[in-house]
file structure.txt (compact mmCIF, C-alpha atoms)
# COMPACT_ATOMS: atom_id res chain seq x y z
CA MET A 369 33.29 21.98 -0.39
CA PHE A 370 29.52 22.43 -0.72
CA GLU A 371 29.03 18.66 -0.44
CA ASN A 372 30.94 18.58 2.87
CA LYS A 373 28.87 21.43 4.29
CA LEU A 374 25.64 19.71 3.27
CA GLU A 375 26.79 16.44 4.81
CA GLN A 376 27.60 18.17 8.12
CA ILE A 377 24.18 19.85 8.15
CA ASP A 378 22.46 16.54 7.31
CA ARG A 379 24.20 14.79 10.19
CA THR A 380 23.15 17.55 12.59
CA LEU A 381 19.56 17.42 11.32
CA ILE A 382 19.42 13.65 11.73
CA ASP A 383 20.72 13.91 15.29
CA LEU A 384 18.15 16.62 16.14
CA LEU A 385 15.30 14.67 14.54
CA ASN A 386 16.31 11.63 16.58
CA GLN A 387 16.14 13.74 19.73
CA ARG A 388 12.74 15.12 18.71
CA ILE A 389 11.33 11.62 18.10
CA SER A 390 12.68 10.46 21.49
CA ILE A 391 10.99 13.35 23.29
CA LEU A 392 7.71 12.74 21.46
CA ALA A 393 7.86 9.06 22.43
CA GLU A 394 8.45 10.02 26.08
CA GLN A 395 5.52 12.47 25.99
CA GLU A 396 3.28 9.89 24.32
CA SER A 397 3.93 7.40 27.11
CA GLN A 398 2.68 10.08 29.53
CA SER A 399 -0.30 10.98 27.27
CA VAL A 400 0.82 14.61 26.91
CA THR A 401 1.90 14.66 23.27
CA PRO A 402 0.97 18.02 21.67
CA SER A 403 -1.21 17.88 18.57
CA LEU A 404 0.34 18.34 15.13
CA ASP A 405 -1.48 21.65 14.76
CA ASP A 406 -0.09 22.90 18.08
CA GLN A 407 3.44 21.87 17.11
CA LEU A 408 3.09 23.85 13.90
CA THR A 409 1.38 26.94 15.38
CA ASP A 410 4.06 27.44 18.02
CA VAL A 411 6.83 27.95 15.47
CA ILE A 412 5.05 29.98 12.77
CA PRO A 413 6.67 33.28 13.88
CA ILE A 414 10.11 31.62 13.84
CA LEU A 415 9.49 30.19 10.37
CA ALA A 416 8.54 33.63 9.08
CA GLN A 417 11.71 35.19 10.52
CA THR A 418 14.03 32.54 9.07
CA ASP A 419 12.30 32.33 5.68
CA VAL A 420 11.79 28.54 6.07
CA PRO A 421 8.66 27.44 4.17
CA LYS A 422 5.76 26.34 6.37
CA PHE A 423 5.21 23.13 4.37
CA LEU A 424 8.80 22.02 5.03
CA TRP A 425 8.37 22.23 8.79
CA GLN A 426 4.96 20.57 8.57
CA ASN A 427 6.45 17.59 6.72
CA LEU A 428 9.18 17.25 9.37
CA VAL A 429 6.63 17.35 12.20
CA ASN A 430 4.41 14.79 10.47
CA GLY A 431 7.41 12.55 9.83
CA CYS A 432 8.49 12.60 13.47
CA ALA A 433 4.96 11.77 14.61
CA ALA A 434 4.74 8.93 12.07
CA ALA A 435 7.98 7.45 13.40
CA LEU A 436 6.15 6.67 16.65
CA ALA A 437 3.89 4.28 14.73
CA LYS A 438 6.88 2.02 14.15
CA PRO A 439 8.09 0.82 17.56
CA ALA A 440 11.61 -0.53 17.87
CA LEU A 441 11.75 -4.29 17.51
CA PRO A 442 13.57 -6.05 20.37
CA LEU A 443 16.90 -7.42 19.15
CA THR A 444 17.16 -10.05 21.86
CA GLY A 445 14.89 -12.93 22.70
CA ARG A 446 13.55 -13.26 19.17
CA LYS A 447 13.38 -16.65 17.55
CA LEU A 448 14.61 -16.47 13.97
CA GLN A 449 12.24 -18.33 11.67
CA ARG A 450 12.88 -20.49 8.61
CA VAL A 451 10.74 -19.19 5.77
CA THR A 452 10.20 -20.39 2.21
CA ILE A 453 8.51 -18.00 -0.19
CA ILE A 454 6.93 -19.53 -3.27
CA GLY A 455 7.18 -16.85 -5.93
CA GLY A 456 9.78 -14.97 -3.94
CA ARG A 457 11.08 -13.06 -6.96
CA GLY A 458 7.71 -11.59 -7.96
CA LEU A 459 6.47 -8.16 -6.87
CA MET A 460 4.95 -9.14 -3.53
CA GLY A 461 7.30 -12.08 -3.09
CA SER A 462 10.34 -9.81 -3.43
CA PHE A 463 8.95 -7.47 -0.80
CA PHE A 464 8.55 -10.31 1.72
CA THR A 465 11.91 -11.85 0.79
CA GLN A 466 13.73 -8.59 1.51
CA TRP A 467 11.65 -7.85 4.59
CA PHE A 468 12.18 -11.23 6.28
CA SER A 469 15.88 -11.23 5.35
CA ALA A 470 16.42 -7.73 6.77
CA LEU A 471 14.97 -8.95 10.08
CA GLY A 472 17.47 -11.82 10.17
CA HIS A 473 15.17 -14.70 9.28
CA LYS A 474 16.44 -17.49 7.03
CA VAL A 475 14.66 -17.20 3.69
CA LYS A 476 14.52 -19.65 0.81
CA ILE A 477 12.80 -19.04 -2.53
CA LEU A 478 10.93 -21.53 -4.68
CA GLU A 479 10.19 -20.44 -8.25
CA HIS A 480 8.34 -22.29 -11.05
CA ASN A 481 11.54 -24.02 -12.20
CA ASP A 482 12.53 -25.19 -8.69
CA TRP A 483 9.98 -27.96 -8.12
CA ASN A 484 12.65 -30.60 -8.62
CA ARG A 485 14.13 -29.27 -5.35
CA ALA A 486 10.78 -28.76 -3.59
CA ASP A 487 11.56 -31.32 -0.88
CA LYS A 488 14.65 -29.40 0.24
CA LEU A 489 13.01 -25.99 -0.08
CA LEU A 490 9.68 -26.78 1.62
CA SER A 491 10.40 -29.36 4.31
CA GLY A 492 11.73 -28.43 7.74
CA VAL A 493 10.64 -24.78 7.61
CA ASP A 494 8.43 -22.76 9.97
CA LEU A 495 6.45 -20.83 7.35
CA VAL A 496 5.61 -21.29 3.69
CA LEU A 497 4.25 -18.11 2.12
CA ILE A 498 2.65 -18.42 -1.33
CA CYS A 499 3.05 -15.29 -3.48
CA VAL A 500 1.94 -16.38 -6.95
CA PRO A 501 -0.76 -15.07 -9.34
CA LEU A 502 -4.32 -15.86 -8.38
CA ASP A 503 -4.92 -18.27 -11.26
CA LYS A 504 -1.87 -20.33 -10.16
CA MET A 505 -2.89 -20.59 -6.50
CA PRO A 506 -4.87 -23.90 -6.55
CA GLU A 507 -2.19 -25.76 -8.49
CA VAL A 508 0.68 -24.39 -6.38
CA ILE A 509 -1.09 -25.15 -3.08
CA GLN A 510 -1.72 -28.75 -4.09
CA LYS A 511 1.88 -29.27 -5.24
CA ALA A 512 3.41 -27.59 -2.19
CA ALA A 513 1.25 -29.51 0.28
CA GLN A 514 2.99 -32.74 -0.76
CA TYR A 515 6.27 -31.52 0.74
CA ILE A 516 5.21 -29.32 3.69
CA ASP A 517 5.50 -30.71 7.21
CA GLU A 518 2.25 -30.94 9.15
CA THR A 519 3.62 -28.47 11.74
CA THR A 520 4.61 -25.88 9.12
CA ALA A 521 2.44 -22.76 8.92
CA LEU A 522 0.99 -22.10 5.45
CA ALA A 523 -0.13 -18.66 4.26
CA ASP A 524 -0.97 -16.86 1.02
CA VAL A 525 -1.24 -13.23 -0.14
CA ALA A 526 -3.95 -13.61 -2.81
CA SER A 527 -6.69 -11.02 -3.38
CA ILE A 528 -9.39 -13.72 -3.13
CA LYS A 529 -9.62 -15.47 0.20
CA THR A 530 -12.61 -17.85 0.43
CA SER A 531 -11.60 -20.31 -2.27
CA VAL A 532 -7.86 -20.04 -1.57
CA ILE A 533 -8.21 -20.69 2.17
CA GLN A 534 -10.56 -23.62 1.48
CA THR A 535 -7.94 -25.10 -0.84
CA MET A 536 -5.16 -24.68 1.75
CA LEU A 537 -7.32 -26.26 4.48
CA LYS A 538 -8.16 -29.16 2.18
CA HIS A 539 -4.58 -30.02 1.24
CA HIS A 540 -2.62 -29.01 4.38
CA ARG A 541 -3.42 -30.36 7.85
CA GLY A 542 -1.33 -27.80 9.75
CA PRO A 543 -1.74 -24.07 10.54
CA VAL A 544 -3.37 -22.02 7.76
CA ILE A 545 -4.01 -18.30 7.37
CA GLY A 546 -4.93 -15.93 4.56
CA LEU A 547 -3.07 -12.61 4.30
CA HIS A 548 -3.80 -9.73 1.96
CA PRO A 549 -1.36 -6.79 2.21
CA MET A 550 -3.34 -3.81 0.91
CA PHE A 551 -0.55 -2.25 -1.11
CA GLY A 552 1.28 -2.83 -4.34
CA SER A 553 4.72 -2.32 -5.82
CA GLY A 554 6.98 0.48 -4.60
CA ILE A 555 6.08 0.21 -0.91
CA LYS A 556 9.17 -0.32 1.26
CA SER A 557 7.62 -1.15 4.64
CA PHE A 558 4.35 -1.90 6.41
CA LEU A 559 4.19 1.61 7.90
CA SER A 560 0.49 2.65 7.99
CA GLN A 561 -0.41 -0.17 5.61
CA ASN A 562 -3.47 -2.33 6.23
CA VAL A 563 -3.08 -6.10 6.12
CA ALA A 564 -6.29 -8.14 5.94
CA VAL A 565 -5.95 -11.34 7.97
CA CYS A 566 -8.40 -14.22 7.49
CA PRO A 567 -7.95 -17.06 10.03
CA GLY A 568 -8.00 -20.60 8.71
CA ARG A 569 -6.62 -22.98 11.32
CA GLU A 570 -4.37 -22.62 14.44
CA TYR A 571 -4.29 -18.81 14.40
CA GLU A 572 -1.79 -18.67 17.28
CA ALA A 573 0.89 -20.24 15.07
CA PHE A 574 1.05 -16.95 13.16
CA LYS A 575 1.29 -14.55 16.11
CA TRP A 576 5.01 -14.07 15.60
CA LEU A 577 4.42 -13.02 11.98
CA LEU A 578 1.53 -10.68 12.81
CA ASN A 579 3.59 -9.14 15.63
CA LEU A 580 6.42 -8.46 13.18
CA ILE A 581 4.02 -6.70 10.81
CA GLU A 582 2.66 -4.54 13.64
CA HIS A 583 6.19 -3.72 14.82
CA ASP A 584 6.89 -2.48 11.30
CA GLY A 585 3.96 -0.08 11.59
CA GLY A 586 1.35 -2.24 9.84
CA LYS A 587 -2.29 -2.50 10.89
CA ILE A 588 -3.75 -5.99 11.19
CA VAL A 589 -7.42 -6.08 10.16
CA ARG A 590 -8.97 -9.42 11.08
CA CYS A 591 -11.98 -10.51 9.04
CA THR A 592 -13.63 -13.63 7.64
CA ALA A 593 -12.73 -14.75 4.15
CA GLU A 594 -16.31 -14.05 3.05
CA GLU A 595 -16.28 -10.46 4.35
CA HIS A 596 -12.88 -9.89 2.76
CA ASP A 597 -14.09 -11.00 -0.65
CA ARG A 598 -17.22 -8.81 -0.43
CA MET A 599 -15.11 -5.77 0.49
CA MET A 600 -12.58 -6.43 -2.28
CA THR A 601 -15.37 -6.14 -4.84
CA ILE A 602 -15.49 -2.42 -4.03
CA ILE A 603 -11.95 -1.80 -2.80
CA GLN A 604 -10.23 -3.47 -5.74
CA ALA A 605 -12.48 -4.57 -8.60
CA ILE A 606 -14.58 -1.41 -8.83
CA ARG A 607 -11.60 0.91 -8.29
CA HIS A 608 -9.52 -0.84 -10.94
CA PHE A 609 -12.45 -0.77 -13.37
CA VAL A 610 -12.91 3.00 -12.88
CA THR A 611 -9.20 3.63 -13.46
CA PHE A 612 -9.06 1.21 -16.37
CA SER A 613 -12.10 2.82 -18.02
CA LEU A 614 -10.65 6.33 -17.74
CA GLY A 615 -7.39 5.14 -19.29
CA VAL A 616 -9.22 3.50 -22.20
CA PHE A 617 -11.25 6.68 -22.76
CA LEU A 618 -8.21 9.00 -22.75
CA ALA A 619 -6.33 6.70 -25.13
CA GLU A 620 -9.22 6.32 -27.57
CA GLU A 621 -9.86 10.08 -27.51
CA LYS A 622 -6.15 10.61 -28.28
CA ILE A 623 -5.76 13.08 -25.42
CA ASP A 624 -2.30 14.66 -25.14
CA ILE A 625 -1.77 13.60 -21.53
CA GLY A 626 1.58 15.34 -21.18
CA ARG A 627 0.09 18.65 -22.28
CA SER A 628 -2.89 18.18 -19.97
CA LEU A 629 -0.53 17.83 -17.00
CA GLU A 630 1.08 21.18 -17.84
CA ILE A 631 -2.29 22.87 -17.33
CA ALA A 632 -4.02 20.60 -14.82
CA SER A 633 -4.63 20.83 -11.08
CA PRO A 634 -2.86 18.49 -8.61
CA PRO A 635 -5.97 16.26 -8.20
CA PHE A 636 -6.01 15.58 -11.94
CA ARG A 637 -2.29 14.79 -11.82
CA MET A 638 -2.97 12.26 -9.03
CA GLU A 639 -5.61 10.63 -11.24
CA ILE A 640 -3.06 10.34 -14.06
CA SER A 641 -0.50 8.95 -11.59
CA MET A 642 -2.93 6.18 -10.63
CA LEU A 643 -3.50 5.49 -14.34
CA SER A 644 0.24 5.24 -14.90
CA ARG A 645 0.59 2.92 -11.90
CA LEU A 646 -2.10 0.58 -13.23
CA PHE A 647 -0.96 0.49 -16.86
CA SER A 648 2.73 0.11 -16.01
CA SER A 649 2.02 -3.04 -14.00
CA SER A 650 1.34 -6.62 -15.03
CA THR A 651 -1.66 -6.63 -17.37
CA PRO A 652 -3.20 -9.96 -16.27
CA LEU A 653 -3.12 -8.94 -12.59
CA TYR A 654 -5.74 -6.19 -12.82
CA ILE A 655 -7.85 -7.91 -15.45
CA ASP A 656 -7.95 -11.07 -13.33
CA ILE A 657 -8.92 -9.06 -10.24
CA MET A 658 -11.90 -7.56 -12.09
CA LEU A 659 -12.99 -10.92 -13.50
CA ALA A 660 -12.21 -13.05 -10.43
CA THR A 661 -15.79 -13.71 -9.23
CA GLU A 662 -19.33 -13.50 -10.53
CA GLU A 663 -20.13 -10.97 -7.81
CA ARG A 664 -17.38 -8.66 -9.06
CA ARG A 665 -18.54 -8.90 -12.65
CA GLU A 666 -22.15 -8.20 -11.67
CA THR A 667 -21.16 -5.22 -9.50
CA ILE A 668 -19.08 -3.71 -12.31
CA GLU A 669 -22.09 -4.07 -14.60
CA LYS A 670 -24.23 -2.20 -12.01
CA LEU A 671 -21.64 0.58 -11.91
CA ALA A 672 -21.73 0.84 -15.70
CA LYS A 673 -25.52 1.24 -15.54
CA THR A 674 -25.10 4.02 -12.96
CA TYR A 675 -22.65 5.77 -15.30
CA SER A 676 -25.14 5.44 -18.14
CA GLN A 677 -28.01 6.86 -16.09
CA LEU A 678 -25.96 9.83 -14.91
CA ALA A 679 -24.62 10.47 -18.41
CA GLN A 680 -28.18 10.55 -19.70
CA LEU A 681 -29.10 13.19 -17.09
CA VAL A 682 -26.07 15.24 -18.16
CA ALA A 683 -27.00 14.89 -21.85
CA GLN A 684 -30.53 16.09 -21.04
CA GLY A 685 -29.20 19.01 -19.02
CA ASP A 686 -31.29 17.83 -16.05
CA ARG A 687 -29.64 19.93 -13.36
CA ASP A 688 -32.31 19.33 -10.73
CA SER A 689 -31.98 15.54 -10.93
CA LEU A 690 -28.19 15.75 -10.77
CA LEU A 691 -28.41 18.02 -7.71
CA GLN A 692 -30.76 15.53 -6.04
CA LYS A 693 -28.25 12.72 -6.69
CA PHE A 694 -25.43 14.88 -5.34
CA GLU A 695 -27.28 15.74 -2.13
CA ALA A 696 -28.30 12.12 -1.56
CA VAL A 697 -24.69 10.97 -1.80
CA ARG A 698 -23.43 13.85 0.33
CA ASN A 699 -25.91 12.90 3.07
CA VAL A 700 -24.51 9.35 3.07
CA PHE A 701 -20.94 10.63 3.39
CA VAL A 702 -21.90 13.11 6.12
CA GLN A 703 -23.70 10.42 8.12
CA GLN A 704 -20.65 8.15 7.89
CA ARG A 705 -18.34 11.10 8.68
CA MET A 706 -16.50 10.71 5.40
CA CYS A 707 -16.67 14.39 4.39
CA ASN A 708 -13.22 15.30 5.71
CA PRO A 709 -10.85 16.76 3.10
CA GLU A 710 -7.81 16.66 5.42
CA GLU A 711 -6.21 13.55 3.86
CA SER A 712 -6.75 14.65 0.27
CA THR A 713 -5.45 18.15 1.09
CA HIS A 714 -2.30 16.62 2.57
CA LEU A 715 -1.83 14.47 -0.54
CA ILE A 716 -2.16 17.53 -2.76
CA ASP A 717 0.31 19.50 -0.61
CA SER A 718 2.79 16.59 -0.63
CA LEU A 719 2.49 16.22 -4.40
CA SER A 720 3.05 19.96 -4.87
CA THR A 721 6.17 19.73 -2.70
CA LEU A 722 7.51 16.79 -4.71
CA LEU A 723 6.86 18.56 -8.03
CA ALA A 724 8.65 21.71 -6.81
CA ALA A 725 11.68 19.65 -5.73
CA GLN A 726 11.72 17.79 -9.06
CA GLN A 727 11.59 21.07 -10.95
CA ILE A 728 14.58 22.48 -9.05
CA SER A 729 16.50 19.23 -9.55
CA LYS A 730 15.76 19.30 -13.28
CA LYS A 731 16.99 22.89 -13.58
CA ASN A 732 20.19 22.02 -11.71
CA GLN A 733 20.83 19.04 -14.00
CA GLU A 734 20.22 21.17 -17.10
CA ALA A 735 22.59 23.86 -15.78
CA LEU A 736 25.24 21.21 -15.03
CA ALA A 737 24.89 19.76 -18.53
CA LEU A 738 25.36 23.22 -20.09
CA SER A 739 28.43 23.93 -17.97
CA ILE A 740 30.03 20.65 -19.08
CA LYS A 741 29.47 21.58 -22.73
call {"tool": "encode", "arguments": {"input": "structure.txt", "output": "structure tokens"}}
result
Amino acid sequence: MFENKLEQIDRTLIDLLNQRISILAEQESQSVTPSLDDQLTDVIPILAQTDVPKFLWQNLVNGCAAALAKPALPLTGRKLQRVTIIGGRGLMGSFFTQWFSALGHKVKILEHNDWNRADKLLSGVDLVLICVPLDKMPEVIQKAAQYIDETTALADVASIKTSVIQTMLKHHRGPVIGLHPMFGSGIKSFLSQNVAVCPGREYEAFKWLLNLIEHDGGKIVRCTAEEHDRMMTIIQAIRHFVTFSLGVFLAEEKIDIGRSLEIASPPFRMEISMLSRLFSSSTPLYIDIMLATEERRETIEKLAKTYSQLAQLVAQGDRDSLLQKFEAVRNVFVQQRMCNPEESTHLIDSLSTLLAAQQISKKNQEALALSIK
């Protein structure tokens, strides 16, 4: 009985949310869409009267606004493409396999034990997308190029672009592009995800693919391969090293991480979540990203020296020097307008909401287990 009532309410909510999104889309086209704050402020008295938590309404409002970032894809007039994904059963390969298939494109997969069928899998297709580990890229590109038609578009998703694009241009005479989706496992769509795009040859041949990504809510960031690789030194290599180092420290210090989470603040829990994400993934992936180029190794060494210098100031109790460092960094962030806690506050609020829901679910499961006994 309760399940039927909940299902009826869910259907009504979905219908109302659809209406809300439609009205927001109509207002947006006329440039009169109210701000998120205004949408929340207007209903605060109603929320108080009905005992509906403010955060619940805020999440609904944010979700409806986010839906506008994913425009409906026209169902007619689209040419369905023939795509072969090399490494289509890996983490990123699986994402693209499911994504292309859901959009109706014909997808074939080539894995390491399928090279005896490479001619059938790689010839006569519109796009070959290479989703293999970085250290396998040169070998796979050279092997694949023997079977790819000159008119076939060739792309990769590696985290290093300069050398990979050069290799593709050397061995394939047709369209070439470098893609780097800036997300990992667990992501279900391109919504609000950045995708670095490094042109190689015949950029227009990939417009259909880039349009699909944008229609799914993704943001195309065009850059040279050289700029991409410089940025990835900070965005990936340094970040992974910081997370990796903290994990090594906690493990070697034999910290009871579970107990620490019982006491900790949400920001600390997010740090532990990022640790868990890194150490539950493929070990070679993150190590290879840190070691990929000499520039990355040298930059990590510089970071280690910075840590050492700051640690020495802490050990000496040199408060004045630490304050000077703090102010210098804050000035940089203020000048670049990076001192805005809105995003981190939202992450903390969202995490708190998730934890509360998990706690209620756990209690319900425990109560159900006891009733069965």
call {"tool": "residues_around", "arguments": {"input": "structure.txt", "residues": "A:Arg590", "least_positions_apart": "6", "cutoff": "8 Å", "atoms": "only C-alpha atoms", "output": "list of chain:residue names"}}
result
A:Ala564, A:Val565, A:Cys566, A:Pro567
call {"tool": "residues_near_point", "arguments": {"input": "structure.txt", "point": "(-4.0, -32.1, 4.3)", "cutoff": "10 Å", "atoms": "only C-alpha atoms", "output": "PyMOL selection string"}}
result
chain A and resi 510+513-514+516+518+535-542
call {"tool": "residues_around", "arguments": {"input": "structure.txt", "residues": "stretch 428-438 of chain A", "least_positions_apart": "5", "cutoff": "9 Å", "atoms": "only C-alpha atoms", "output": "PyMOL selection string"}}
result
chain A and resi 385-386+388-390+392-393+396+404+407-408+423+559-560+582-586
call {"tool": "axis_aligned_box", "arguments": {"input": "structure.txt", "around": "stretch 673-689 of chain A", "padding_each_side": "4 Å", "output": "AutoDock Vina command-line options"}}
result
--center_x -27.5 --center_y 10.6 --center_z -16.3 --size_x 17.7 --size_y 26.7 --size_z 19.1
call {"tool": "closest_residue", "arguments": {"input": "structure.txt", "among": "A:Leu577, A:Leu629, A:Ser648, A:Gln534", "to": "A:Lys447", "atoms": "all atoms listed in the file"}}
result
A:Leu577
call {"tool": "closest_residue", "arguments": {"input": "structure.txt", "among": "A:Ala521, A:Val544, A:Ile606, A:Ile509", "to": "A:Ala660", "atoms": "only C-alpha atoms"}}
result
A:Ile606
call {"tool": "closest_residue", "arguments": {"input": "structure.txt", "among": "A:Leu671, A:Glu662, A:Ser557, A:Thr530", "to": "A:Ser613", "atoms": "all atoms listed in the file"}}
result
A:Leu671
call {"tool": "closest_residue", "arguments": {"input": "structure.txt", "among": "A:Ser689, A:Ile454, A:Glu621, A:Thr611", "to": "A:Ser644", "atoms": "only C-alpha atoms"}}
result
A:Thr611
call {"tool": "closest_residue", "arguments": {"input": "structure.txt", "among": "A:Arg698, A:His548, A:Lys575, A:Lys422", "to": "A:Asp597", "atoms": "all atoms listed in the file"}}
result
A:His548
call {"tool": "residues_around", "arguments": {"input": "structure.txt", "residues": "A:Ala470", "least_positions_apart": "3", "cutoff": "12 Å", "atoms": "only C-alpha atoms", "output": "list in words"}}
result
Leu448, Phe463, Phe464, Thr465, Gln466, Trp467, His473, Lys474, Val475, Lys556, Ser557, Leu580 and Asp584 of chain A
call {"tool": "residues_around", "arguments": {"input": "structure.txt", "residues": "A:Thr661", "least_positions_apart": "4", "cutoff": "9 Å", "atoms": "all atoms listed in the file", "output": "MDAnalysis selection string"}}
result
chainID A and resid 528 601 657 665:666
call {"tool": "write_last_selection", "arguments": {"input": "structure.txt", "atoms": "C-alpha atoms", "output": "mmCIF file, in the coordinates of the input"}}
result
data_model
loop_
_atom_site.group_PDB
_atom_site.id
_atom_site.type_symbol
_atom_site.label_atom_id
_atom_site.label_comp_id
_atom_site.auth_asym_id
_atom_site.auth_seq_id
_atom_site.Cartn_x
_atom_site.Cartn_y
_atom_site.Cartn_z
ATOM 1 C CA ILE A 528 -9.390 -13.720 -3.130
ATOM 2 C CA THR A 601 -15.370 -6.140 -4.840
ATOM 3 C CA ILE A 657 -8.920 -9.060 -10.240
ATOM 4 C CA ARG A 665 -18.540 -8.900 -12.650
ATOM 5 C CA GLU A 666 -22.150 -8.200 -11.670
#
call {"tool": "atom_distance", "arguments": {"input": "structure.txt", "atom1": "atom CA of A:Gln387", "atom2": "atom CA of A:Gln561"}}
result
25.8 Å
call {"tool": "atom_distance", "arguments": {"input": "structure.txt", "atom1": "atom CA of A:Pro634", "atom2": "atom CA of A:Ile716"}}
result
6.0 Å
call {"tool": "decode", "arguments": {"input": "structure.txt", "residues": "stretch 501-523 of chain A", "atoms": "N, CA and C atoms", "output": "CSV table (one decimal), in the first residue's frame"}}
result
chain,number,residue,atom,x,y,z
A,501,PRO,N,45.4,2.4,-22.2
A,501,PRO,CA,46.4,3.1,-21.3
A,501,PRO,C,47.4,3.9,-22.0
A,502,LEU,N,48.0,4.9,-21.4
A,502,LEU,CA,48.9,5.8,-22.1
A,502,LEU,C,50.1,5.1,-22.6
A,503,ASP,N,50.6,4.1,-21.9
A,503,ASP,CA,51.8,3.4,-22.3
A,503,ASP,C,51.6,2.5,-23.5
A,504,LYS,N,50.3,2.2,-23.8
A,504,LYS,CA,50.0,1.4,-25.0
A,504,LYS,C,49.6,2.2,-26.2
A,505,MET,N,49.5,3.5,-26.1
A,505,MET,CA,49.0,4.4,-27.2
A,505,MET,C,49.9,4.3,-28.4
A,506,PRO,N,51.2,4.5,-28.4
A,506,PRO,CA,52.0,4.4,-29.6
A,506,PRO,C,51.8,3.1,-30.4
A,507,GLU,N,51.9,2.0,-29.7
A,507,GLU,CA,51.8,0.7,-30.3
A,507,GLU,C,50.4,0.5,-31.0
A,508,VAL,N,49.4,0.9,-30.2
A,508,VAL,CA,48.0,0.7,-30.7
A,508,VAL,C,47.7,1.6,-31.9
A,509,ILE,N,48.2,2.8,-31.9
A,509,ILE,CA,48.0,3.8,-33.0
A,509,ILE,C,48.7,3.2,-34.3
A,510,GLN,N,49.9,2.7,-34.1
A,510,GLN,CA,50.6,2.2,-35.3
A,510,GLN,C,49.9,1.0,-35.9
A,511,LYS,N,49.4,0.1,-35.0
A,511,LYS,CA,48.8,-1.1,-35.5
A,511,LYS,C,47.4,-0.8,-36.1
A,512,ALA,N,46.7,0.1,-35.5
A,512,ALA,CA,45.3,0.5,-36.0
A,512,ALA,C,45.4,1.2,-37.4
A,513,ALA,N,46.4,2.0,-37.5
A,513,ALA,CA,46.6,2.8,-38.7
A,513,ALA,C,46.7,2.0,-40.0
A,514,GLN,N,47.1,0.7,-39.8
A,514,GLN,CA,47.3,-0.2,-41.0
A,514,GLN,C,45.9,-0.6,-41.6
A,515,TYR,N,44.8,-0.5,-40.8
A,515,TYR,CA,43.5,-0.9,-41.2
A,515,TYR,C,42.5,0.2,-41.4
A,516,ILE,N,42.8,1.4,-40.9
A,516,ILE,CA,41.9,2.5,-41.0
A,516,ILE,C,41.8,3.1,-42.4
A,517,ASP,N,40.6,3.4,-42.9
A,517,ASP,CA,40.5,4.1,-44.1
A,517,ASP,C,41.0,5.6,-44.0
A,518,GLU,N,41.5,6.1,-45.1
A,518,GLU,CA,42.1,7.5,-45.1
A,518,GLU,C,41.0,8.5,-44.7
A,519,THR,N,39.7,8.2,-45.0
A,519,THR,CA,38.7,9.2,-44.7
A,519,THR,C,38.1,9.0,-43.3
A,520,THR,N,38.5,8.0,-42.6
A,520,THR,CA,38.1,7.7,-41.2
A,520,THR,C,38.7,8.7,-40.2
A,521,ALA,N,37.9,9.2,-39.3
A,521,ALA,CA,38.4,10.2,-38.3
A,521,ALA,C,39.0,9.3,-37.2
A,522,LEU,N,40.1,9.8,-36.7
A,522,LEU,CA,40.9,9.1,-35.6
A,522,LEU,C,41.0,10.0,-34.4
A,523,ALA,N,40.7,9.5,-33.2
A,523,ALA,CA,40.7,10.3,-32.0
A,523,ALA,C,41.2,9.4,-30.9
